[in-house]
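The structure appears right after this line, and notes come after that.
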Amino acid sequence: MAFCKFCGKEIPDGAVCGCPGSQNAAQAPVNQGNGGYDPGFGQVDNQAGGAASGMKDNLPKIVAGVIALVILIVALVFVFGNTGAKGAAKKFAKSLTKTNGGKNYYSLTLTDDRIKELKDDDEWKDMIEEYNDEIKDARDDDYKLKVKDVKKGKKLNKKALKGAEYIWEEKGADDPEAKKGYEFKIKIQANDDGDKETDTAVVSVVKFKGEGWKVLRYDADDLKEIGEEAEEEEEDEED
């Protein structure tokens with residue numbers, strides 16, 4: 001004889017008790033591996049189907065996000081490529097080839113103090129117009145200028161920055177402070193009725209405190225030499 005595990009009633013061996021607990025247990029499907037009932041059957045497929053449906057619904061958003069990211073990367077590349085030292089060098093190079101480049105040319109090659117003086121004396125606009133007119137007069141339909149390359153070179157050392165400060169002071173700056181700078185090689189192509197020639201100009205782009213990036217028409221070695229001479233003069237004055 002055996003006893004029911006649900007109600008404790010004595011029952012014959014192999015028999016099923018008539019209590020509700022035994023009857024419910026006897027009627028429930030048994031999980032028999034791959035061939036039996038699986039209470040989780042269909043849940044995985046339903047979840048996968050739901051995920052796929054969600055991906056499909058969100059696909060336009062995902063594509064839009066990728067496009068926005070690409071646009072952001074391109075914008076950052078453009079911004080960083082057109083600001084700072086290289087941006088100033090490119091702007092200067094274009095001012096040498098464009099018929100309306102006078103404003104950029106003088107903004108980059110004159111001190112802020114000098115520019116202010118010119119504006120106060122109503123000479124600023126006249127200088128820009130004269131520059132643009134000279135570029136126009138030097139060109140005709142068969143003669144064209146184009147910037148081929150603007151290549152960043154070596155970084156200016158302390159003596160070269162010292163030379164840049166000396167030059168900038170000579171140009172009218174009040175106690176200039178050169179923070180950093182780089183040498184640039186600018187290649188400009190002249191096309192004279194099909195006859196092409198390329199010329200290279202070497203300049204230094206220097207960041208002055210309070211003024212930003214400015215262009216000096218000296219290479220790094222020239223500025224270094226000027227800086228060394230300036231230091232010698234200062235030492236002689238101290239002695």
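Residue numbering restarts at 1 in every chain; chains get A, B, ... in the order shown in the structure tokens, and ligands count up from 1 in that same order.
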
message: Just want the 12 Å neighbourhood of Tyr131 (chain A), counted on only C-alpha atoms, with same-chain residues fewer than 4 positions away dropped. Output as a VMD selection string.
response: chain A and resid 95 to 106 124 to 127 135 to 138

Let's have the selection written as a PDB file, in the first residue's frame, with C-alpha atoms.
```pdb
ATOM      1  CA  SER A  95      44.059  86.143 -50.467  1.00  0.00           C
ATOM      2  CA  LEU A  96      47.034  86.003 -52.858  1.00  0.00           C
ATOM      3  CA  THR A  97      44.946  84.506 -55.664  1.00  0.00           C
ATOM      4  CA  LYS A  98      41.499  86.094 -55.289  1.00  0.00           C
ATOM      5  CA  THR A  99      40.491  89.503 -56.588  1.00  0.00           C
ATOM      6  CA  ASN A 100      38.614  90.187 -53.345  1.00  0.00           C
ATOM      7  CA  GLY A 101      41.278  88.960 -50.933  1.00  0.00           C
ATOM      8  CA  GLY A 102      42.427  92.343 -49.628  1.00  0.00           C
ATOM      9  CA  LYS A 103      40.558  92.193 -46.329  1.00  0.00           C
ATOM     10  CA  ASN A 104      41.913  88.751 -45.424  1.00  0.00           C
ATOM     11  CA  TYR A 105      45.423  89.678 -46.518  1.00  0.00           C
ATOM     12  CA  TYR A 106      45.678  92.754 -44.294  1.00  0.00           C
ATOM     13  CA  TRP A 124      41.159 100.666 -44.037  1.00  0.00           C
ATOM     14  CA  LYS A 125      38.596 100.367 -46.839  1.00  0.00           C
ATOM     15  CA  ASP A 126      40.805 102.293 -49.256  1.00  0.00           C
ATOM     16  CA  MET A 127      43.728  99.931 -48.626  1.00  0.00           C
ATOM     17  CA  ILE A 135      45.238  91.933 -58.197  1.00  0.00           C
ATOM     18  CA  LYS A 136      42.621  92.573 -60.878  1.00  0.00           C
ATOM     19  CA  ASP A 137      45.021  94.683 -62.963  1.00  0.00           C
ATOM     20  CA  ALA A 138      47.682  91.983 -62.789  1.00  0.00           C
TER      21      ALA A 138
END
```

task: For region 163-179 of chain A, work out the shell of residues within 8 Å, counting only C-alpha atoms and skipping chain neighbours fewer than 2 positions away, then give it as a list in words.
output: Leu110, Thr111, Asp112, Asp113, Arg114, Lys159, Ala160, Leu161, Gly181, Val206, Lys207, Phe208, Lys209, Leu216, Leu223, Lys224, Glu225, Ile226, Gly227, Glu228 and Ala230 of chain A

Since we have the selection now, will you write its residues out, keeping C-alpha atoms, as a PDB file, in the first residue's frame?
```pdb
ATOM      1  CA  LEU A 110      48.865  93.556 -39.815  1.00  0.00           C
ATOM      2  CA  THR A 111      48.658  93.908 -36.053  1.00  0.00           C
ATOM      3  CA  ASP A 112      45.271  94.551 -34.494  1.00  0.00           C
ATOM      4  CA  ASP A 113      46.553  97.918 -33.237  1.00  0.00           C
ATOM      5  CA  ARG A 114      47.545  98.951 -36.759  1.00  0.00           C
ATOM      6  CA  LYS A 159      64.156  81.664 -30.609  1.00  0.00           C
ATOM      7  CA  ALA A 160      61.963  81.754 -33.706  1.00  0.00           C
ATOM      8  CA  LEU A 161      59.024  82.887 -31.575  1.00  0.00           C
ATOM      9  CA  GLY A 181      53.735  78.984 -34.449  1.00  0.00           C
ATOM     10  CA  VAL A 206      52.101  82.620 -35.349  1.00  0.00           C
ATOM     11  CA  LYS A 207      49.523  82.833 -32.590  1.00  0.00           C
ATOM     12  CA  PHE A 208      49.907  86.085 -30.663  1.00  0.00           C
ATOM     13  CA  LYS A 209      48.236  86.527 -27.304  1.00  0.00           C
ATOM     14  CA  LEU A 216      54.622  86.609 -41.148  1.00  0.00           C
ATOM     15  CA  LEU A 223      62.753  84.148 -37.515  1.00  0.00           C
ATOM     16  CA  LYS A 224      65.224  82.122 -35.469  1.00  0.00           C
ATOM     17  CA  GLU A 225      68.105  84.291 -36.686  1.00  0.00           C
ATOM     18  CA  ILE A 226      66.150  87.454 -35.921  1.00  0.00           C
ATOM     19  CA  GLY A 227      65.348  86.112 -32.458  1.00  0.00           C
ATOM     20  CA  GLU A 228      69.016  85.376 -31.743  1.00  0.00           C
ATOM     21  CA  ALA A 230      67.255  90.358 -30.622  1.00  0.00           C
TER      22      ALA A 230
END
```

query: Please, what distance in Å, to one decimal, runs between CA of Ala88 (chain A) and CA of Glu183 (chain A)?
result: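 Distance between the two atoms: 11.8 Å.
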
- request: Based on DSSP run over this structure's backbone, return all residues of region 149-199 of chain A in alpha helix (DSSP H), as a PyMOL selection string.
  value: chain A and resi 158-170

Export, as a short mmCIF file (atom, residue, chain, number, x, y, z; two decimals), in the first residue's frame, the selected residues with C-alpha atoms.
```cif
data_model
loop_
_atom_site.label_atom_id
_atom_site.label_comp_id
_atom_site.auth_asym_id
_atom_site.auth_seq_id
_atom_site.Cartn_x
_atom_site.Cartn_y
_atom_site.Cartn_z
CA LYS A 158 61.59 79.58 -28.74
CA LYS A 159 64.16 81.66 -30.61
CA ALA A 160 61.96 81.75 -33.71
CA LEU A 161 59.02 82.89 -31.58
CA LYS A 162 61.30 85.54 -30.11
CA GLY A 163 62.02 86.72 -33.64
CA ALA A 164 58.29 86.77 -34.40
CA GLU A 165 57.71 88.99 -31.37
CA TYR A 166 60.44 91.36 -32.56
CA ILE A 167 58.90 91.59 -36.06
CA TRP A 168 55.41 92.09 -34.64
CA GLU A 169 56.61 94.86 -32.36
CA GLU A 170 58.24 96.57 -35.33
#
```
